[in-house]
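Everything below belongs to data.txt, which stores compact mmCIF, N, CA and C atoms and all ligand atoms.
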```
# COMPACT_ATOMS: atom_id res chain seq x y z
N MET A 30 -10.59 24.34 -1.69
CA MET A 30 -9.35 24.10 -0.91
C MET A 30 -8.33 25.19 -1.24
N GLU A 31 -7.72 25.69 -0.25
CA GLU A 31 -6.73 26.74 -0.45
C GLU A 31 -5.48 26.17 -1.11
N LYS A 32 -4.99 26.90 -2.08
CA LYS A 32 -3.80 26.44 -2.79
C LYS A 32 -2.55 26.96 -2.09
N VAL A 33 -1.65 26.05 -1.81
CA VAL A 33 -0.40 26.44 -1.19
C VAL A 33 0.68 26.37 -2.25
N LYS A 34 1.42 27.44 -2.40
CA LYS A 34 2.44 27.51 -3.44
C LYS A 34 3.42 26.35 -3.32
N GLY A 35 3.68 25.72 -4.45
CA GLY A 35 4.65 24.62 -4.45
C GLY A 35 4.05 23.27 -4.15
N PHE A 36 2.77 23.24 -3.79
CA PHE A 36 2.13 21.96 -3.50
C PHE A 36 1.04 21.67 -4.51
N LYS A 37 0.98 20.46 -4.96
CA LYS A 37 -0.11 20.04 -5.83
C LYS A 37 -1.32 19.78 -4.95
N VAL A 38 -2.46 20.28 -5.34
CA VAL A 38 -3.68 20.05 -4.56
C VAL A 38 -4.32 18.73 -5.01
N LEU A 39 -4.50 17.85 -4.08
CA LEU A 39 -5.08 16.54 -4.38
C LEU A 39 -6.58 16.55 -4.16
N ASP A 40 -7.28 15.93 -5.08
CA ASP A 40 -8.71 15.68 -4.88
C ASP A 40 -8.81 14.26 -4.35
N ILE A 41 -9.18 14.12 -3.10
CA ILE A 41 -9.16 12.81 -2.45
C ILE A 41 -10.04 11.80 -3.18
N SER A 42 -11.12 12.26 -3.83
CA SER A 42 -12.01 11.32 -4.53
C SER A 42 -11.31 10.64 -5.70
N GLU A 43 -10.31 11.32 -6.27
CA GLU A 43 -9.57 10.72 -7.38
C GLU A 43 -8.68 9.58 -6.90
N LEU A 44 -8.40 9.57 -5.63
CA LEU A 44 -7.50 8.55 -5.09
C LEU A 44 -8.23 7.31 -4.58
N MET A 45 -9.53 7.42 -4.44
CA MET A 45 -10.27 6.27 -3.92
C MET A 45 -10.23 5.12 -4.92
N PRO A 46 -10.13 3.89 -4.43
CA PRO A 46 -10.07 2.76 -5.36
C PRO A 46 -11.35 2.65 -6.18
N ALA A 47 -11.17 2.56 -7.50
CA ALA A 47 -12.31 2.52 -8.41
C ALA A 47 -13.21 1.32 -8.13
N GLU A 48 -12.59 0.23 -7.73
CA GLU A 48 -13.37 -0.99 -7.50
C GLU A 48 -13.99 -1.02 -6.11
N GLY A 49 -13.78 0.04 -5.37
CA GLY A 49 -14.36 0.12 -4.04
C GLY A 49 -13.55 -0.66 -3.03
N PHE A 50 -14.05 -0.67 -1.81
CA PHE A 50 -13.35 -1.36 -0.74
C PHE A 50 -13.91 -2.77 -0.60
N VAL A 51 -13.06 -3.70 -0.29
CA VAL A 51 -13.52 -5.07 -0.06
C VAL A 51 -12.98 -5.54 1.29
N SER A 52 -13.73 -6.44 1.92
CA SER A 52 -13.19 -7.08 3.10
C SER A 52 -13.20 -8.58 2.87
N MET A 53 -12.24 -9.25 3.43
CA MET A 53 -12.16 -10.70 3.30
C MET A 53 -11.48 -11.27 4.53
N SER A 54 -11.75 -12.56 4.75
CA SER A 54 -11.13 -13.20 5.91
C SER A 54 -9.63 -13.35 5.64
N LYS A 55 -8.86 -13.48 6.71
CA LYS A 55 -7.43 -13.66 6.54
C LYS A 55 -7.14 -14.94 5.75
N VAL A 56 -7.94 -15.97 5.98
CA VAL A 56 -7.76 -17.23 5.26
C VAL A 56 -7.93 -17.02 3.75
N ALA A 57 -8.99 -16.30 3.38
CA ALA A 57 -9.25 -16.04 1.96
C ALA A 57 -8.14 -15.17 1.36
N TRP A 58 -7.66 -14.21 2.15
CA TRP A 58 -6.59 -13.31 1.69
C TRP A 58 -5.30 -14.10 1.46
N MET A 59 -4.98 -15.00 2.39
CA MET A 59 -3.78 -15.82 2.26
C MET A 59 -3.88 -16.74 1.04
N GLU A 60 -5.08 -17.30 0.83
CA GLU A 60 -5.28 -18.18 -0.33
C GLU A 60 -5.10 -17.40 -1.63
N ARG A 61 -5.64 -16.20 -1.65
CA ARG A 61 -5.54 -15.36 -2.85
C ARG A 61 -4.07 -15.01 -3.14
N GLY A 62 -3.35 -14.60 -2.11
CA GLY A 62 -1.94 -14.26 -2.27
C GLY A 62 -1.12 -15.45 -2.74
N THR A 63 -1.40 -16.61 -2.16
CA THR A 63 -0.67 -17.82 -2.52
C THR A 63 -0.96 -18.21 -3.97
N ARG A 64 -2.22 -18.06 -4.37
CA ARG A 64 -2.59 -18.40 -5.74
C ARG A 64 -1.90 -17.46 -6.74
N LEU A 65 -1.80 -16.19 -6.38
CA LEU A 65 -1.20 -15.21 -7.29
C LEU A 65 0.32 -15.31 -7.36
N PHE A 66 0.94 -15.49 -6.19
CA PHE A 66 2.40 -15.33 -6.13
C PHE A 66 3.15 -16.54 -5.59
N GLY A 67 2.44 -17.52 -5.05
CA GLY A 67 3.11 -18.70 -4.49
C GLY A 67 3.23 -18.63 -2.98
N GLU A 68 3.80 -19.68 -2.42
CA GLU A 68 3.89 -19.81 -0.96
C GLU A 68 4.85 -18.79 -0.32
N ASP A 69 5.88 -18.40 -1.07
CA ASP A 69 6.91 -17.50 -0.53
C ASP A 69 6.37 -16.07 -0.45
N LYS A 70 6.04 -15.65 0.76
CA LYS A 70 5.42 -14.33 0.93
C LYS A 70 6.36 -13.19 0.55
N MET A 71 7.65 -13.45 0.52
CA MET A 71 8.59 -12.40 0.09
C MET A 71 8.34 -11.99 -1.36
N LYS A 72 7.69 -12.88 -2.12
CA LYS A 72 7.42 -12.61 -3.55
C LYS A 72 6.08 -11.90 -3.77
N TRP A 73 5.30 -11.79 -2.73
CA TRP A 73 3.98 -11.15 -2.88
C TRP A 73 4.14 -9.68 -3.21
N ARG A 74 3.32 -9.19 -4.14
CA ARG A 74 3.43 -7.80 -4.57
C ARG A 74 2.14 -7.03 -4.28
N PHE A 75 2.33 -5.80 -3.85
CA PHE A 75 1.20 -4.95 -3.49
C PHE A 75 1.27 -3.61 -4.23
N VAL A 76 0.10 -3.04 -4.47
CA VAL A 76 0.00 -1.78 -5.20
C VAL A 76 -0.30 -0.65 -4.23
N CYS A 77 0.52 0.38 -4.23
CA CYS A 77 0.22 1.55 -3.41
C CYS A 77 -1.04 2.22 -3.97
N PRO A 78 -2.07 2.39 -3.14
CA PRO A 78 -3.32 2.97 -3.65
C PRO A 78 -3.22 4.46 -3.93
N ALA A 79 -2.17 5.10 -3.45
CA ALA A 79 -2.02 6.54 -3.67
C ALA A 79 -1.28 6.84 -4.97
N CYS A 80 -0.18 6.12 -5.22
CA CYS A 80 0.64 6.46 -6.40
C CYS A 80 0.68 5.34 -7.44
N GLY A 81 0.22 4.14 -7.09
CA GLY A 81 0.22 3.04 -8.05
C GLY A 81 1.52 2.27 -8.12
N ASN A 82 2.49 2.66 -7.28
CA ASN A 82 3.76 1.92 -7.29
C ASN A 82 3.52 0.48 -6.83
N ILE A 83 4.23 -0.44 -7.48
CA ILE A 83 4.13 -1.85 -7.12
C ILE A 83 5.43 -2.27 -6.45
N ALA A 84 5.31 -2.88 -5.27
CA ALA A 84 6.51 -3.34 -4.56
C ALA A 84 6.25 -4.74 -4.02
N ALA A 85 7.30 -5.55 -4.06
CA ALA A 85 7.24 -6.88 -3.47
C ALA A 85 7.68 -6.79 -2.02
N VAL A 86 7.24 -7.74 -1.22
CA VAL A 86 7.64 -7.76 0.19
C VAL A 86 9.16 -7.77 0.30
N GLU A 87 9.82 -8.54 -0.58
CA GLU A 87 11.27 -8.65 -0.50
C GLU A 87 11.98 -7.32 -0.82
N ASP A 88 11.30 -6.44 -1.55
CA ASP A 88 11.90 -5.13 -1.84
C ASP A 88 12.13 -4.32 -0.57
N PHE A 89 11.33 -4.59 0.46
CA PHE A 89 11.44 -3.84 1.71
C PHE A 89 12.68 -4.25 2.51
N ARG A 90 13.18 -5.47 2.24
CA ARG A 90 14.32 -5.98 3.01
C ARG A 90 15.53 -5.05 2.98
N LYS A 91 15.80 -4.49 1.82
CA LYS A 91 17.03 -3.69 1.71
C LYS A 91 16.94 -2.37 2.46
N TYR A 92 15.73 -1.99 2.89
CA TYR A 92 15.57 -0.75 3.67
C TYR A 92 15.29 -1.04 5.14
N LYS A 93 15.71 -2.21 5.55
CA LYS A 93 15.50 -2.65 6.94
C LYS A 93 16.01 -1.62 7.94
N ASP A 94 17.16 -1.02 7.63
CA ASP A 94 17.75 -0.04 8.55
C ASP A 94 16.90 1.23 8.67
N ASN A 95 15.99 1.43 7.72
CA ASN A 95 15.08 2.58 7.79
C ASN A 95 13.73 2.21 8.39
N GLY A 96 13.65 1.01 8.96
CA GLY A 96 12.42 0.58 9.61
C GLY A 96 11.46 -0.18 8.71
N ALA A 97 11.93 -0.59 7.55
CA ALA A 97 11.06 -1.28 6.60
C ALA A 97 11.00 -2.78 6.90
N GLU A 98 10.19 -3.14 7.88
CA GLU A 98 9.96 -4.56 8.16
C GLU A 98 9.13 -5.14 7.00
N PRO A 99 9.34 -6.42 6.67
CA PRO A 99 8.60 -7.00 5.53
C PRO A 99 7.08 -6.85 5.64
N ASP A 100 6.53 -6.92 6.86
CA ASP A 100 5.07 -6.84 6.96
C ASP A 100 4.54 -5.43 6.70
N LYS A 101 5.43 -4.47 6.58
CA LYS A 101 4.99 -3.11 6.23
C LYS A 101 4.59 -2.99 4.77
N ALA A 102 4.99 -3.98 3.96
CA ALA A 102 4.71 -3.93 2.52
C ALA A 102 3.23 -3.94 2.22
N THR A 103 2.43 -4.49 3.14
CA THR A 103 0.99 -4.59 2.88
C THR A 103 0.28 -3.26 3.01
N CYS A 104 0.91 -2.28 3.65
CA CYS A 104 0.16 -1.06 3.98
C CYS A 104 1.00 0.22 3.94
N ASN A 105 2.19 0.14 3.35
CA ASN A 105 3.05 1.32 3.26
C ASN A 105 3.68 1.37 1.88
N CYS A 106 3.74 2.56 1.29
CA CYS A 106 4.45 2.70 0.03
C CYS A 106 5.95 2.63 0.34
N ILE A 107 6.68 2.00 -0.54
CA ILE A 107 8.10 1.79 -0.28
C ILE A 107 8.87 3.12 -0.26
N GLY A 108 8.27 4.16 -0.83
CA GLY A 108 8.90 5.48 -0.80
C GLY A 108 9.15 6.01 0.61
N ARG A 109 8.40 5.52 1.57
CA ARG A 109 8.60 5.93 2.97
C ARG A 109 9.97 5.51 3.49
N PHE A 110 10.50 4.46 2.90
CA PHE A 110 11.69 3.83 3.49
C PHE A 110 12.94 3.85 2.60
N ASP A 111 12.79 4.22 1.34
CA ASP A 111 13.93 4.05 0.43
C ASP A 111 14.99 5.15 0.55
N GLY A 112 14.73 6.11 1.44
CA GLY A 112 15.73 7.14 1.67
C GLY A 112 15.73 8.24 0.62
N GLU A 113 14.87 8.11 -0.39
CA GLU A 113 14.83 9.12 -1.46
C GLU A 113 13.46 9.77 -1.63
N HIS A 114 12.41 9.07 -1.22
CA HIS A 114 11.07 9.55 -1.53
C HIS A 114 10.22 9.82 -0.28
N GLY A 115 10.87 9.87 0.88
CA GLY A 115 10.13 10.10 2.11
C GLY A 115 9.40 11.43 2.14
N HIS A 116 9.84 12.38 1.29
CA HIS A 116 9.23 13.71 1.25
C HIS A 116 8.10 13.78 0.23
N VAL A 117 7.92 12.72 -0.57
CA VAL A 117 6.93 12.75 -1.65
C VAL A 117 5.54 12.53 -1.06
N VAL A 118 4.75 13.60 -1.03
CA VAL A 118 3.41 13.54 -0.47
C VAL A 118 2.57 12.52 -1.23
N MET A 119 1.78 11.77 -0.49
CA MET A 119 1.01 10.66 -1.06
C MET A 119 0.41 10.97 -2.42
N GLY A 120 0.76 10.14 -3.39
CA GLY A 120 0.15 10.22 -4.71
C GLY A 120 0.66 11.29 -5.64
N THR A 121 1.61 12.12 -5.20
CA THR A 121 2.08 13.19 -6.09
C THR A 121 3.21 12.73 -6.99
N ALA A 122 3.83 11.61 -6.67
CA ALA A 122 4.86 11.01 -7.52
C ALA A 122 4.96 9.56 -7.10
N LYS A 123 5.79 8.82 -7.77
CA LYS A 123 5.88 7.37 -7.59
C LYS A 123 7.32 6.98 -7.35
N PRO A 124 7.70 6.31 -6.30
CA PRO A 124 6.85 5.99 -5.15
C PRO A 124 6.65 7.20 -4.25
N CYS A 125 5.79 7.05 -3.27
CA CYS A 125 5.45 8.17 -2.41
C CYS A 125 5.60 7.76 -0.94
N ASN A 126 5.14 8.61 -0.03
CA ASN A 126 5.31 8.32 1.40
C ASN A 126 4.02 7.84 2.06
N TYR A 127 3.09 7.33 1.25
CA TYR A 127 1.79 6.95 1.80
C TYR A 127 1.86 5.80 2.81
N THR A 128 1.10 5.94 3.87
CA THR A 128 0.87 4.82 4.78
C THR A 128 -0.61 4.71 5.06
N GLY A 129 -1.09 3.48 5.09
CA GLY A 129 -2.51 3.24 5.36
C GLY A 129 -2.88 3.48 6.81
N TYR A 130 -1.87 3.69 7.66
CA TYR A 130 -2.15 3.92 9.08
C TYR A 130 -2.30 5.39 9.41
N GLY A 131 -2.21 6.23 8.37
CA GLY A 131 -2.32 7.66 8.60
C GLY A 131 -3.75 8.14 8.58
N LEU A 132 -3.91 9.41 8.32
CA LEU A 132 -5.21 10.06 8.36
C LEU A 132 -6.15 9.55 7.26
N PHE A 133 -5.59 9.31 6.07
CA PHE A 133 -6.40 8.92 4.93
C PHE A 133 -6.27 7.42 4.68
N ASN A 134 -7.36 6.70 4.86
CA ASN A 134 -7.32 5.28 4.55
C ASN A 134 -7.76 5.04 3.12
N LEU A 135 -6.80 4.79 2.25
CA LEU A 135 -7.10 4.46 0.86
C LEU A 135 -6.95 2.97 0.60
N CYS A 136 -6.56 2.23 1.63
CA CYS A 136 -6.34 0.80 1.45
C CYS A 136 -7.64 0.14 1.00
N PRO A 137 -7.63 -0.49 -0.16
CA PRO A 137 -8.88 -1.04 -0.69
C PRO A 137 -9.31 -2.36 -0.06
N VAL A 138 -8.41 -2.97 0.71
CA VAL A 138 -8.72 -4.29 1.27
C VAL A 138 -8.69 -4.24 2.80
N MET A 139 -9.72 -4.80 3.41
CA MET A 139 -9.74 -4.96 4.85
C MET A 139 -9.70 -6.46 5.12
N VAL A 140 -8.63 -6.89 5.78
CA VAL A 140 -8.47 -8.31 6.08
C VAL A 140 -8.99 -8.55 7.50
N ILE A 141 -9.93 -9.46 7.60
CA ILE A 141 -10.55 -9.74 8.89
C ILE A 141 -9.87 -10.95 9.51
N ASP A 142 -9.24 -10.73 10.65
CA ASP A 142 -8.52 -11.80 11.34
C ASP A 142 -9.09 -11.90 12.76
N GLY A 143 -10.07 -12.77 12.93
CA GLY A 143 -10.75 -12.84 14.21
C GLY A 143 -11.47 -11.54 14.46
N ASP A 144 -11.15 -10.87 15.57
CA ASP A 144 -11.79 -9.58 15.83
C ASP A 144 -10.90 -8.40 15.41
N LYS A 145 -9.82 -8.72 14.68
CA LYS A 145 -8.94 -7.66 14.18
C LYS A 145 -9.26 -7.33 12.73
N GLU A 146 -9.17 -6.05 12.39
CA GLU A 146 -9.32 -5.61 11.01
C GLU A 146 -7.99 -5.01 10.57
N ILE A 147 -7.42 -5.58 9.52
CA ILE A 147 -6.10 -5.16 9.08
C ILE A 147 -6.21 -4.54 7.69
N ARG A 148 -5.79 -3.29 7.58
CA ARG A 148 -5.82 -2.61 6.29
C ARG A 148 -4.72 -3.16 5.39
N SER A 149 -5.06 -3.34 4.13
CA SER A 149 -4.04 -3.81 3.20
C SER A 149 -4.20 -3.16 1.84
N PHE A 150 -3.05 -2.96 1.18
CA PHE A 150 -3.05 -2.59 -0.23
C PHE A 150 -3.61 -3.78 -1.01
N ALA A 151 -4.03 -3.52 -2.23
CA ALA A 151 -4.47 -4.61 -3.11
C ALA A 151 -3.25 -5.39 -3.60
N PHE A 152 -3.47 -6.66 -3.88
CA PHE A 152 -2.42 -7.42 -4.56
C PHE A 152 -2.23 -6.84 -5.94
N ASP A 153 -1.04 -6.96 -6.47
CA ASP A 153 -0.69 -6.42 -7.79
C ASP A 153 -1.73 -6.78 -8.85
N GLU A 154 -2.08 -8.06 -8.94
CA GLU A 154 -2.97 -8.52 -10.02
C GLU A 154 -4.40 -8.01 -9.89
N GLU A 155 -4.80 -7.66 -8.69
CA GLU A 155 -6.18 -7.21 -8.52
C GLU A 155 -6.42 -5.83 -9.11
N ARG A 156 -5.35 -5.14 -9.38
CA ARG A 156 -5.45 -3.78 -9.90
C ARG A 156 -5.92 -3.79 -11.35
N GLY A 157 -5.57 -4.85 -12.05
CA GLY A 157 -5.97 -4.98 -13.46
C GLY A 157 -5.27 -4.00 -14.36
ZN ZN B 201 2.83 5.35 -3.08
```

Using structure tokens, write down the structure from this file.
Amino acid sequence: MEKVKGFKVLDISELMPAEGFVSMSKVAWMERGTRLFGEDKMKWRFVCPACGNIAAVEDFRKYKDNGAEPDKATCNCIGRFDGEHGHVVMGTAKPCNYTGYGLFNLCPVMVIDGDKEIRSFAFDEERG
């Protein structure tokens, strides 16, 4: 890979989840989240697979004006919305600007909801 001055070169294999990718039904995913964090989904915490930052759904509320809807917490690093880290290329610092909807899918969880497949970050506790 060509080195560009001022940019850290990422090896994409280093970013892949060590535990591999898993898929689960939405029902199983909801049960797992509820068991870990309780019924209040605002308290659910997710791990950015690129930088390892942990954010709760409720953390996204304060960046609402930047487009941070609560449901974005499952698949976006909070750095995209906090007004300070939007320039931080995925995984080069914490938090970063990673989104699971971009070119690189690092989301370790695929939630199956009927015929829909929804990419998700891992829950905080699953990271170990
Ligand atoms: Zn991140």

Give the residues close to ligand ZN 201 (chain B), within 8 Å, counting all atoms listed in the file; write them as a PDB file with N, CA and C atoms, in the coordinates of the input.
```
ATOM      1  N   VAL A  76       0.100  -3.040  -4.470  1.00  0.00           N
ATOM      2  CA  VAL A  76       0.000  -1.780  -5.200  1.00  0.00           C
ATOM      3  C   VAL A  76      -0.300  -0.650  -4.230  1.00  0.00           C
ATOM      4  N   CYS A  77       0.520   0.380  -4.230  1.00  0.00           N
ATOM      5  CA  CYS A  77       0.220   1.550  -3.410  1.00  0.00           C
ATOM      6  C   CYS A  77      -1.040   2.220  -3.970  1.00  0.00           C
ATOM      7  N   PRO A  78      -2.070   2.390  -3.140  1.00  0.00           N
ATOM      8  CA  PRO A  78      -3.320   2.970  -3.650  1.00  0.00           C
ATOM      9  C   PRO A  78      -3.220   4.460  -3.930  1.00  0.00           C
ATOM     10  N   ALA A  79      -2.170   5.100  -3.450  1.00  0.00           N
ATOM     11  CA  ALA A  79      -2.020   6.540  -3.670  1.00  0.00           C
ATOM     12  C   ALA A  79      -1.280   6.840  -4.970  1.00  0.00           C
ATOM     13  N   CYS A  80      -0.180   6.120  -5.220  1.00  0.00           N
ATOM     14  CA  CYS A  80       0.640   6.460  -6.400  1.00  0.00           C
ATOM     15  C   CYS A  80       0.680   5.340  -7.440  1.00  0.00           C
ATOM     16  N   GLY A  81       0.220   4.140  -7.090  1.00  0.00           N
ATOM     17  CA  GLY A  81       0.220   3.040  -8.050  1.00  0.00           C
ATOM     18  C   GLY A  81       1.520   2.270  -8.120  1.00  0.00           C
ATOM     19  N   ASN A  82       2.490   2.660  -7.280  1.00  0.00           N
ATOM     20  CA  ASN A  82       3.760   1.920  -7.290  1.00  0.00           C
ATOM     21  C   ASN A  82       3.520   0.480  -6.830  1.00  0.00           C
ATOM     22  N   ILE A  83       4.230  -0.440  -7.480  1.00  0.00           N
ATOM     23  CA  ILE A  83       4.130  -1.850  -7.120  1.00  0.00           C
ATOM     24  C   ILE A  83       5.430  -2.270  -6.450  1.00  0.00           C
ATOM     25  N   ASN A 105       2.190   0.140   3.350  1.00  0.00           N
ATOM     26  CA  ASN A 105       3.050   1.320   3.260  1.00  0.00           C
ATOM     27  C   ASN A 105       3.680   1.370   1.880  1.00  0.00           C
ATOM     28  N   CYS A 106       3.740   2.560   1.290  1.00  0.00           N
ATOM     29  CA  CYS A 106       4.450   2.700   0.030  1.00  0.00           C
ATOM     30  C   CYS A 106       5.950   2.630   0.340  1.00  0.00           C
ATOM     31  N   ILE A 107       6.680   2.000  -0.540  1.00  0.00           N
ATOM     32  CA  ILE A 107       8.100   1.790  -0.280  1.00  0.00           C
ATOM     33  C   ILE A 107       8.870   3.120  -0.260  1.00  0.00           C
ATOM     34  N   GLY A 108       8.270   4.160  -0.830  1.00  0.00           N
ATOM     35  CA  GLY A 108       8.900   5.480  -0.800  1.00  0.00           C
ATOM     36  C   GLY A 108       9.150   6.010   0.610  1.00  0.00           C
ATOM     37  N   ARG A 109       8.400   5.520   1.570  1.00  0.00           N
ATOM     38  CA  ARG A 109       8.600   5.930   2.970  1.00  0.00           C
ATOM     39  C   ARG A 109       9.970   5.510   3.490  1.00  0.00           C
ATOM     40  N   VAL A 117       7.920  12.720  -0.570  1.00  0.00           N
ATOM     41  CA  VAL A 117       6.930  12.750  -1.650  1.00  0.00           C
ATOM     42  C   VAL A 117       5.540  12.530  -1.060  1.00  0.00           C
ATOM     43  N   VAL A 118       4.750  13.600  -1.030  1.00  0.00           N
ATOM     44  CA  VAL A 118       3.410  13.540  -0.470  1.00  0.00           C
ATOM     45  C   VAL A 118       2.570  12.520  -1.230  1.00  0.00           C
ATOM     46  N   MET A 119       1.780  11.770  -0.490  1.00  0.00           N
ATOM     47  CA  MET A 119       1.010  10.660  -1.060  1.00  0.00           C
ATOM     48  C   MET A 119       0.410  10.970  -2.420  1.00  0.00           C
ATOM     49  N   GLY A 120       0.760  10.140  -3.390  1.00  0.00           N
ATOM     50  CA  GLY A 120       0.150  10.220  -4.710  1.00  0.00           C
ATOM     51  C   GLY A 120       0.660  11.290  -5.640  1.00  0.00           C
ATOM     52  N   THR A 121       1.610  12.120  -5.200  1.00  0.00           N
ATOM     53  CA  THR A 121       2.080  13.190  -6.090  1.00  0.00           C
ATOM     54  C   THR A 121       3.210  12.730  -6.990  1.00  0.00           C
ATOM     55  N   ALA A 122       3.830  11.610  -6.670  1.00  0.00           N
ATOM     56  CA  ALA A 122       4.860  11.010  -7.520  1.00  0.00           C
ATOM     57  C   ALA A 122       4.960   9.560  -7.100  1.00  0.00           C
ATOM     58  N   LYS A 123       5.790   8.820  -7.770  1.00  0.00           N
ATOM     59  CA  LYS A 123       5.880   7.370  -7.590  1.00  0.00           C
ATOM     60  C   LYS A 123       7.320   6.980  -7.350  1.00  0.00           C
ATOM     61  N   PRO A 124       7.700   6.310  -6.300  1.00  0.00           N
ATOM     62  CA  PRO A 124       6.850   5.990  -5.150  1.00  0.00           C
ATOM     63  C   PRO A 124       6.650   7.200  -4.250  1.00  0.00           C
ATOM     64  N   CYS A 125       5.790   7.050  -3.270  1.00  0.00           N
ATOM     65  CA  CYS A 125       5.450   8.170  -2.410  1.00  0.00           C
ATOM     66  C   CYS A 125       5.600   7.760  -0.940  1.00  0.00           C
ATOM     67  N   ASN A 126       5.140   8.610  -0.030  1.00  0.00           N
ATOM     68  CA  ASN A 126       5.310   8.320   1.400  1.00  0.00           C
ATOM     69  C   ASN A 126       4.020   7.840   2.060  1.00  0.00           C
ATOM     70  N   TYR A 127       3.090   7.330   1.250  1.00  0.00           N
ATOM     71  CA  TYR A 127       1.790   6.950   1.800  1.00  0.00           C
ATOM     72  C   TYR A 127       1.860   5.800   2.810  1.00  0.00           C
ATOM     73  N   THR A 128       1.100   5.940   3.870  1.00  0.00           N
ATOM     74  CA  THR A 128       0.870   4.820   4.780  1.00  0.00           C
ATOM     75  C   THR A 128      -0.610   4.710   5.060  1.00  0.00           C
TER      76      THR A 128
END
```

I want to know what sits within 7 Å of Asp142 in chain A, based on all atoms listed in the file, with residues of the same chain fewer than 6 positions away left out; could you give that as a short mmCIF file (atom, residue, chain, number, x, y, z; two decimals) with N, CA and C atoms, in the coordinates of the input?
```
data_model
loop_
_atom_site.label_atom_id
_atom_site.label_comp_id
_atom_site.auth_asym_id
_atom_site.auth_seq_id
_atom_site.Cartn_x
_atom_site.Cartn_y
_atom_site.Cartn_z
N MET A 53 -12.24 -9.25 3.43
CA MET A 53 -12.16 -10.70 3.30
C MET A 53 -11.48 -11.27 4.53
N SER A 54 -11.75 -12.56 4.75
CA SER A 54 -11.13 -13.20 5.91
C SER A 54 -9.63 -13.35 5.64
N LYS A 55 -8.86 -13.48 6.71
CA LYS A 55 -7.43 -13.66 6.54
C LYS A 55 -7.14 -14.94 5.75
N VAL A 56 -7.94 -15.97 5.98
CA VAL A 56 -7.76 -17.23 5.26
C VAL A 56 -7.93 -17.02 3.75
#
```

Write out as a CSV table (one decimal) with N, CA and C atoms, in the coordinates of the input all residues of chain A that backbone DSSP assigns to strand (DSSP E).
```
chain,number,residue,atom,x,y,z
A,51,VAL,N,-13.1,-3.7,-0.3
A,51,VAL,CA,-13.5,-5.1,-0.1
A,51,VAL,C,-13.0,-5.5,1.3
A,52,SER,N,-13.7,-6.4,1.9
A,52,SER,CA,-13.2,-7.1,3.1
A,52,SER,C,-13.2,-8.6,2.9
A,53,MET,N,-12.2,-9.2,3.4
A,53,MET,CA,-12.2,-10.7,3.3
A,53,MET,C,-11.5,-11.3,4.5
A,54,SER,N,-11.8,-12.6,4.8
A,54,SER,CA,-11.1,-13.2,5.9
A,54,SER,C,-9.6,-13.4,5.6
A,74,ARG,N,3.3,-9.2,-4.1
A,74,ARG,CA,3.4,-7.8,-4.6
A,74,ARG,C,2.1,-7.0,-4.3
A,75,PHE,N,2.3,-5.8,-3.8
A,75,PHE,CA,1.2,-5.0,-3.5
A,75,PHE,C,1.3,-3.6,-4.2
A,76,VAL,N,0.1,-3.0,-4.5
A,76,VAL,CA,0.0,-1.8,-5.2
A,76,VAL,C,-0.3,-0.6,-4.2
A,83,ILE,N,4.2,-0.4,-7.5
A,83,ILE,CA,4.1,-1.8,-7.1
A,83,ILE,C,5.4,-2.3,-6.4
A,84,ALA,N,5.3,-2.9,-5.3
A,84,ALA,CA,6.5,-3.3,-4.6
A,84,ALA,C,6.2,-4.7,-4.0
A,85,ALA,N,7.3,-5.6,-4.1
A,85,ALA,CA,7.2,-6.9,-3.5
A,85,ALA,C,7.7,-6.8,-2.0
A,138,VAL,N,-8.4,-3.0,0.7
A,138,VAL,CA,-8.7,-4.3,1.3
A,138,VAL,C,-8.7,-4.2,2.8
A,139,MET,N,-9.7,-4.8,3.4
A,139,MET,CA,-9.7,-5.0,4.8
A,139,MET,C,-9.7,-6.5,5.1
A,140,VAL,N,-8.6,-6.9,5.8
A,140,VAL,CA,-8.5,-8.3,6.1
A,140,VAL,C,-9.0,-8.6,7.5
A,141,ILE,N,-9.9,-9.5,7.6
A,141,ILE,CA,-10.6,-9.7,8.9
A,141,ILE,C,-9.9,-11.0,9.5
A,142,ASP,N,-9.2,-10.7,10.6
A,142,ASP,CA,-8.5,-11.8,11.3
A,142,ASP,C,-9.1,-11.9,12.8
A,145,LYS,N,-9.8,-8.7,14.7
A,145,LYS,CA,-8.9,-7.7,14.2
A,145,LYS,C,-9.3,-7.3,12.7
A,146,GLU,N,-9.2,-6.0,12.4
A,146,GLU,CA,-9.3,-5.6,11.0
A,146,GLU,C,-8.0,-5.0,10.6
A,147,ILE,N,-7.4,-5.6,9.5
A,147,ILE,CA,-6.1,-5.2,9.1
A,147,ILE,C,-6.2,-4.5,7.7
A,148,ARG,N,-5.8,-3.3,7.6
A,148,ARG,CA,-5.8,-2.6,6.3
A,148,ARG,C,-4.7,-3.2,5.4
A,149,SER,N,-5.1,-3.3,4.1
A,149,SER,CA,-4.0,-3.8,3.2
A,149,SER,C,-4.2,-3.2,1.8
A,151,ALA,N,-4.0,-3.5,-2.2
A,151,ALA,CA,-4.5,-4.6,-3.1
A,151,ALA,C,-3.2,-5.4,-3.6
A,152,PHE,N,-3.5,-6.7,-3.9
A,152,PHE,CA,-2.4,-7.4,-4.6
A,152,PHE,C,-2.2,-6.8,-5.9
```

Test item: residues at most 8 Å from range 135-140 of chain A, all atoms listed in the file, excluding those fewer than 6 positions along its chain, as a ChimeraX atom specification: /A:44-46,48-56,58,77-79,103-104,128-129,146-152

Per-residue DSSP, range 36-156 of chain A, filtered to alpha helix (DSSP H), as number ranges by chain: A: 41-44, 55-66

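Put simply, atom C of Lys72 in chain A is 9.9 Å away from atom N of Phe89 in chain A.
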
Box for range 83-88 of chain A - axis-aligned, 4 Å on each of the six sides, all listed atoms - centre and size in Å to one decimal, as AutoDock Vina command-line options.
```
--center_x 8.1 --center_y -4.5 --center_z -3.6 --size_x 16.0 --size_y 16.2 --size_z 15.8
```

Pick from A:Asp111, A:Lys34, A:Asp153, A:Phe75, whichever lies nearest to Arg90 in chain A using only C-alpha atoms: A:Asp111

Residue nearest Glu87 in chain A - candidates A:Lys101, A:Arg64, A:His114, A:Lys70, atoms counted: only N, CA and C atoms: A:Lys70
